[in-house]
Amino acid sequence: MVDDEPTASREMPLTQLAELQRAFESALAEADPEAPVPGCGGWSVRELAEHLGSVHVWAAGKVLGERLERPGSAAERGGAPEARSLAIRYRADAELLRTTLSSVPTDQPCQTFTGVGPASFWQRRQTHETLIHLWDLSQALGSAMPDVQPAVWADCVAEVVEVLHPRQLRLGRAKDPQECLLLVSERSDRQWQVPAESLADPAAVIRASDLELALLLWGRLDEAGLAVSGDARAAAAVLAGPLTP
């Protein structure tokens, strides 16, 4: 059946976020800051790192209900190689987010994408943000993506379907799809329907791994290489969204 577990009830452990952040930092230290990042338009590695770091700090501010400044880095002033300086700056941003999240109860009320909700919303949101951009950085480096449990990729899919795409519709950033698309995990048979509130029968079904489904929804993968049954044009129209910010 279609996944219907309430989004607000889910929490991603802080250790998962820390693991992904450290993998991003490690890869960043070896990267060419000017290297292009596939899947991120015209972004360079430097721009990707600055984006993710600034989003971490912005999210920490949402948890606390205040605007936070990005922490400074001695490496930026001390003549460290640029890639290493970027990595150290990112580490400071990442640590600020984790420190903030660990300093409050997971159910502490704060502003989220769906109104007032628990601080765990941002723990989950930033885990997935880091996950996708770690994939982007791996692509820029031409290296393998570190192993991540399928359940994390599956929750990334769920967040897009239940939170991010509905928000895109509310903000007028995307048009309500005329057809319905069903996504099915090859690993667990877990299912998600896009748009989430549609009562129509799916015009198309895509069956793939949790990783592939997450990358598909984030625009990092083309459905042409996946198992699509039903109306392929309807599937493409739904995925054109845009489903994510």
# chains A, B, ... in the order shown; residues from 1 in each chain; ligands from 1
$ residues_around --residues "region 56-67 of chain A" --least-positions-apart "2" --cutoff "7 Å" --atoms "only C-alpha atoms" --output "PyMOL selection string"
chain A and resi 52-54+69-70+93-94+96-97+100+110-111+119+122+126
$ residues_around --residues "Leu14 (chain A)" --least-positions-apart "4" --cutoff "9 Å" --atoms "only C-alpha atoms" --output "VMD selection string"
chain A and resid 18 to 19 98 101 to 102 123 to 124 127
$ select_by_dssp --residues "chain A" --states "strand (DSSP E or B)" --output "PyMOL selection string"
chain A and resi 2+36+44+109-112+115-118+181-185+191-194+204-208+227-230
$ write_last_selection --atoms "C-alpha atoms" --output "short mmCIF file (atom, residue, chain, number, x, y, z; two decimals), in the first residue's frame"
data_model
loop_
_atom_site.label_atom_id
_atom_site.label_comp_id
_atom_site.auth_asym_id
_atom_site.auth_seq_id
_atom_site.Cartn_x
_atom_site.Cartn_y
_atom_site.Cartn_z
CA VAL A 2 1.01 3.64 -0.40
CA PRO A 36 31.90 21.73 -12.07
CA SER A 44 31.37 24.79 -8.86
CA PRO A 109 8.51 23.53 18.58
CA CYS A 110 10.04 25.61 15.81
CA GLN A 111 9.14 26.92 12.38
CA THR A 112 9.23 24.30 9.63
CA GLY A 115 4.18 25.53 9.99
CA VAL A 116 5.19 25.01 13.60
CA GLY A 117 6.61 21.54 14.12
CA PRO A 118 9.29 19.60 16.01
CA LEU A 181 2.76 8.63 -10.71
CA LEU A 182 3.42 5.65 -8.44
CA LEU A 183 6.96 4.94 -7.20
CA VAL A 184 7.78 1.46 -5.94
CA SER A 185 10.91 0.42 -4.04
CA GLN A 191 5.17 2.79 -2.41
CA TRP A 192 4.75 6.54 -2.82
CA GLN A 193 2.21 8.39 -4.92
CA VAL A 194 2.94 11.71 -6.64
CA ALA A 204 2.52 5.28 -14.69
CA VAL A 205 4.59 3.22 -12.28
CA ILE A 206 8.34 3.41 -11.76
CA ARG A 207 10.04 0.55 -9.92
CA ALA A 208 13.66 1.13 -8.88
CA ALA A 227 11.67 0.44 -15.31
CA VAL A 228 8.64 2.54 -16.27
CA SER A 229 5.27 0.93 -16.91
CA GLY A 230 2.16 2.70 -18.12
#
$ residues_around --residues "Cys156 (chain A)" --least-positions-apart "3" --cutoff "9 Å" --atoms "only C-alpha atoms" --output "list in words"
Arg124, Arg125, Thr127, His128, Glu129, Leu131, Ile132, Ala151, Val152, Trp153, Glu159, Val160, Val161, Asp210, Leu211, Leu213 and Ala214 of chain A
$ select_by_dssp --residues "region 45-152 of chain A" --states "helix (DSSP H, G or I)" --output "ChimeraX atom specification"
/A:45-64,74-77,82-102,120-141,150-152
$ closest_residue --among "A:Pro38, A:Pro150, A:Pro13, A:Gly142" --to "Arg190 (chain A)" --atoms "only C-alpha atoms"
A:Pro150
$ residues_around --residues "Ala31 (chain A)" --least-positions-apart "5" --cutoff "12 Å" --atoms "only C-alpha atoms" --output "list in words"
Phe24, Glu25, Ser26, Pro36, Val37, Ser44, Val45, Arg46, Leu48, Ala49, Pro81, Glu82, Ala83, Arg84, Ser85, Leu86, Ala87, Leu137, Ser138, Gln139, Ala140, Leu141, Gly142 and Ser143 of chain A
$ write_last_selection --atoms "C-alpha atoms" --output "PDB file, in the first residue's frame"
ATOM      1  CA  PHE A  24      31.238  15.595   2.679  1.00  0.00           C
ATOM      2  CA  GLU A  25      34.040  17.375   4.532  1.00  0.00           C
ATOM      3  CA  SER A  26      36.522  14.616   3.735  1.00  0.00           C
ATOM      4  CA  PRO A  36      31.902  21.726 -12.066  1.00  0.00           C
ATOM      5  CA  VAL A  37      29.176  19.876 -10.182  1.00  0.00           C
ATOM      6  CA  SER A  44      31.369  24.787  -8.859  1.00  0.00           C
ATOM      7  CA  VAL A  45      32.524  22.700  -5.891  1.00  0.00           C
ATOM      8  CA  ARG A  46      33.159  25.951  -4.011  1.00  0.00           C
ATOM      9  CA  LEU A  48      28.218  23.708  -3.550  1.00  0.00           C
ATOM     10  CA  ALA A  49      30.199  23.821  -0.294  1.00  0.00           C
ATOM     11  CA  PRO A  81      45.150  25.576   0.662  1.00  0.00           C
ATOM     12  CA  GLU A  82      41.767  26.649  -0.713  1.00  0.00           C
ATOM     13  CA  ALA A  83      40.193  23.189  -0.756  1.00  0.00           C
ATOM     14  CA  ARG A  84      41.258  22.580   2.833  1.00  0.00           C
ATOM     15  CA  SER A  85      40.004  26.007   3.840  1.00  0.00           C
ATOM     16  CA  LEU A  86      36.625  25.210   2.314  1.00  0.00           C
ATOM     17  CA  ALA A  87      36.524  21.922   4.205  1.00  0.00           C
ATOM     18  CA  LEU A 137      30.225  16.181  -4.691  1.00  0.00           C
ATOM     19  CA  SER A 138      31.018  12.531  -5.418  1.00  0.00           C
ATOM     20  CA  GLN A 139      29.964  13.089  -9.027  1.00  0.00           C
ATOM     21  CA  ALA A 140      32.178  16.173  -9.271  1.00  0.00           C
ATOM     22  CA  LEU A 141      35.125  14.141  -7.984  1.00  0.00           C
ATOM     23  CA  GLY A 142      34.334  11.133 -10.160  1.00  0.00           C
ATOM     24  CA  SER A 143      34.404   8.971  -7.038  1.00  0.00           C
TER      25      SER A 143
END
$ closest_residue --among "A:Asp147, A:Asp231, A:Asp136, A:Glu162" --to "Thr114 (chain A)" --atoms "only C-alpha atoms"
A:Glu162
$ atom_distance --atom1 "CA of Leu215 (chain A)" --atom2 "CA of Ala154 (chain A)"
10.6 Å
$ closest_residue --among "A:Pro202, A:Gly39, A:Pro146, A:Pro245" --to "Ala27 (chain A)" --atoms "only C-alpha atoms"
A:Pro146
$ atom_distance --atom1 "CA of Asp201 (chain A)" --atom2 "CA of Ala235 (chain A)"
12.9 Å
